[in-house]
Amino acid sequence: MTDVSRQKLLGWVAVLLQFVALGGILLSTGSAQPPPTLVKWIGTVLLFVGLAVMAAAFFRLGSSLTPTPVPNGRGVVATGIYRWIRHPIYVGLGVMMAGVVLRSPGWWPLLWWLLLVVVLASKSLWEERMLAEAHPEYHEYRNSTSRFLPRRRK
């Protein structure tokens with residue numbers, strides 16, 4: 001098995017783990033007492049904010065979008081929402097699912113969400129190593145842009 005084949009296989013395993021965590025969140029909702037109205041509204045806002053962040057990232061990536069964290073060789077996208085954070089799809093997904101968890105409180109949705117956060121953080125580190133190997137300009141981008149939370153640019 002070549003290194004590229006191994007990376008692609010591991011990429012799909014990472015995606016599978018992500019979907020297991022997502023499924024866990026969605027399947028474990030509704031098992032607890034409904035949250036207070038304010039918490040429900042905050043959850044709804046987070047759900048839509050996360051969705052908007054993901055949509056902005058999808059549209060900005062264009063042909064660079066891949067289903068796995070394995071880069072497709074099309075270059076580094078550093079404009080649009082990527083100007084502020086390096087992994088807006090992961091951020092959007094985490095925020096969106098935090099909204100789902102707030103709307104359906106309980107231990108199981110929270111535990112599945114924490115697993116999702118670990119999977120997304122791990123995927124981001126692995127993806128960054130591959131991007132740095134494939135694109136020398138990624139080092140400068142990584143040094144000037146935050147991974148998950150926007151920060152003031154120098």
# chains A, B, ... in the order shown; residues from 1 in each chain; ligands from 1

call {"tool": "closest_atom_pairs", "arguments": {"of": "range 113-149 of chain A", "to": "range 3-21 of chain A", "cutoff": "7 Å", "atoms": "only C-alpha atoms", "output": "Markdown table"}}
result
| residue | atom | partner | partner_atom | distance |
| --- | --- | --- | --- | --- |
| A:Trp113 | CA | A:Ala21 | CA | 6.8 |
| A:Leu115 | CA | A:Ala21 | CA | 6.2 |
| A:Leu116 | CA | A:Ala21 | CA | 5.3 |
| A:Val119 | CA | A:Gln18 | CA | 6.2 |
| A:Lys123 | CA | A:Ala14 | CA | 6.9 |

call {"tool": "write_last_selection", "arguments": {"atoms": "C-alpha atoms", "output": "PDB file, in the first residue's frame"}}
result
ATOM      1  CA  TRP A 113     -20.121  16.017  21.191  1.00  0.00           C
ATOM      2  CA  LEU A 115     -15.845  12.820  21.035  1.00  0.00           C
ATOM      3  CA  LEU A 116     -16.657  14.870  17.931  1.00  0.00           C
ATOM      4  CA  VAL A 119     -11.996  13.778  16.298  1.00  0.00           C
ATOM      5  CA  LYS A 123      -8.176  15.608  11.988  1.00  0.00           C
TER       6      LYS A 123
END

call {"tool": "select_by_dssp", "arguments": {"residues": "range 4-107 of chain A", "states": "alpha helix (DSSP H)", "output": "ChimeraX atom specification"}}
result
/A:4-28,37-61,88-103,107

call {"tool": "closest_residue", "arguments": {"among": "A:Val95, A:Ala57, A:Ile25, A:Ile89", "to": "Trp107 in chain A", "atoms": "only C-alpha atoms"}}
result
A:Ile25

call {"tool": "closest_residue", "arguments": {"among": "A:Leu93, A:Leu102, A:Ile85, A:Gly62", "to": "Leu38 in chain A", "atoms": "only C-alpha atoms"}}
result
A:Leu102

call {"tool": "closest_residue", "arguments": {"among": "A:Gly24, A:Pro136, A:Gly94, A:Gly43", "to": "Pro109 in chain A", "atoms": "only C-alpha atoms"}}
result
A:Gly24

call {"tool": "residues_around", "arguments": {"residues": "Pro34 in chain A", "least_positions_apart": "5", "cutoff": "9 Å", "atoms": "only C-alpha atoms", "output": "mmCIF file with C-alpha atoms, in the first residue's frame"}}
result
data_model
loop_
_atom_site.group_PDB
_atom_site.id
_atom_site.type_symbol
_atom_site.label_atom_id
_atom_site.label_comp_id
_atom_site.auth_asym_id
_atom_site.auth_seq_id
_atom_site.Cartn_x
_atom_site.Cartn_y
_atom_site.Cartn_z
ATOM 1 C CA LYS A 40 -33.253 26.206 23.543
ATOM 2 C CA ARG A 103 -31.491 21.835 22.571
ATOM 3 C CA SER A 104 -31.434 18.241 23.867
ATOM 4 C CA PRO A 105 -29.489 18.264 27.111
#

call {"tool": "atom_distance", "arguments": {"atom1": "CA of Glu127 in chain A", "atom2": "CA of Pro69 in chain A"}}
result
5.3 Å

call {"tool": "closest_residue", "arguments": {"among": "A:Leu120, A:Val76, A:Met96, A:Leu27", "to": "Ala134 in chain A", "atoms": "only C-alpha atoms"}}
result
A:Val76

call {"tool": "closest_residue", "arguments": {"among": "A:Thr66, A:Arg60, A:Leu110, A:Glu128", "to": "Arg83 in chain A", "atoms": "only C-alpha atoms"}}
result
A:Arg60

call {"tool": "closest_residue", "arguments": {"among": "A:Ala56, A:Val100, A:Leu65, A:Met1", "to": "Gly30 in chain A", "atoms": "only C-alpha atoms"}}
result
A:Val100

call {"tool": "atom_distance", "arguments": {"atom1": "CA of Leu46 in chain A", "atom2": "CA of Gly99 in chain A"}}
result
4.7 Å

call {"tool": "atom_distance", "arguments": {"atom1": "CA of Pro71 in chain A", "atom2": "CA of Trp112 in chain A"}}
result
26.9 Å

call {"tool": "decode", "arguments": {"residues": "range 52-76 of chain A", "atoms": "C-alpha atoms", "output": "compact mmCIF listing (two decimals), in the first residue's frame"}}
result
# COMPACT_ATOMS: atom_id res chain seq x y z
CA ALA A 52 -23.51 29.58 8.16
CA VAL A 53 -19.81 29.15 8.98
CA MET A 54 -19.77 25.77 7.24
CA ALA A 55 -21.57 27.14 4.18
CA ALA A 56 -19.11 30.05 3.89
CA ALA A 57 -16.22 27.58 4.07
CA PHE A 58 -17.72 25.18 1.51
CA PHE A 59 -18.30 27.97 -1.00
CA ARG A 60 -14.82 29.45 -0.50
CA LEU A 61 -13.06 26.11 -0.95
CA GLY A 62 -14.69 25.40 -4.29
CA SER A 63 -12.71 22.72 -6.14
CA SER A 64 -10.30 22.36 -3.21
CA LEU A 65 -13.08 20.77 -1.11
CA THR A 66 -12.46 17.10 -0.38
CA PRO A 67 -14.54 14.65 1.67
CA THR A 68 -11.47 13.61 3.68
CA PRO A 69 -8.69 15.66 5.30
CA VAL A 70 -6.26 14.52 2.59
CA PRO A 71 -5.32 17.56 0.44
CA ASN A 72 -6.09 17.34 -3.27
CA GLY A 73 -3.10 19.39 -4.43
CA ARG A 74 -5.08 22.45 -5.54
CA GLY A 75 -3.24 24.86 -3.24
CA VAL A 76 -3.87 26.69 0.00
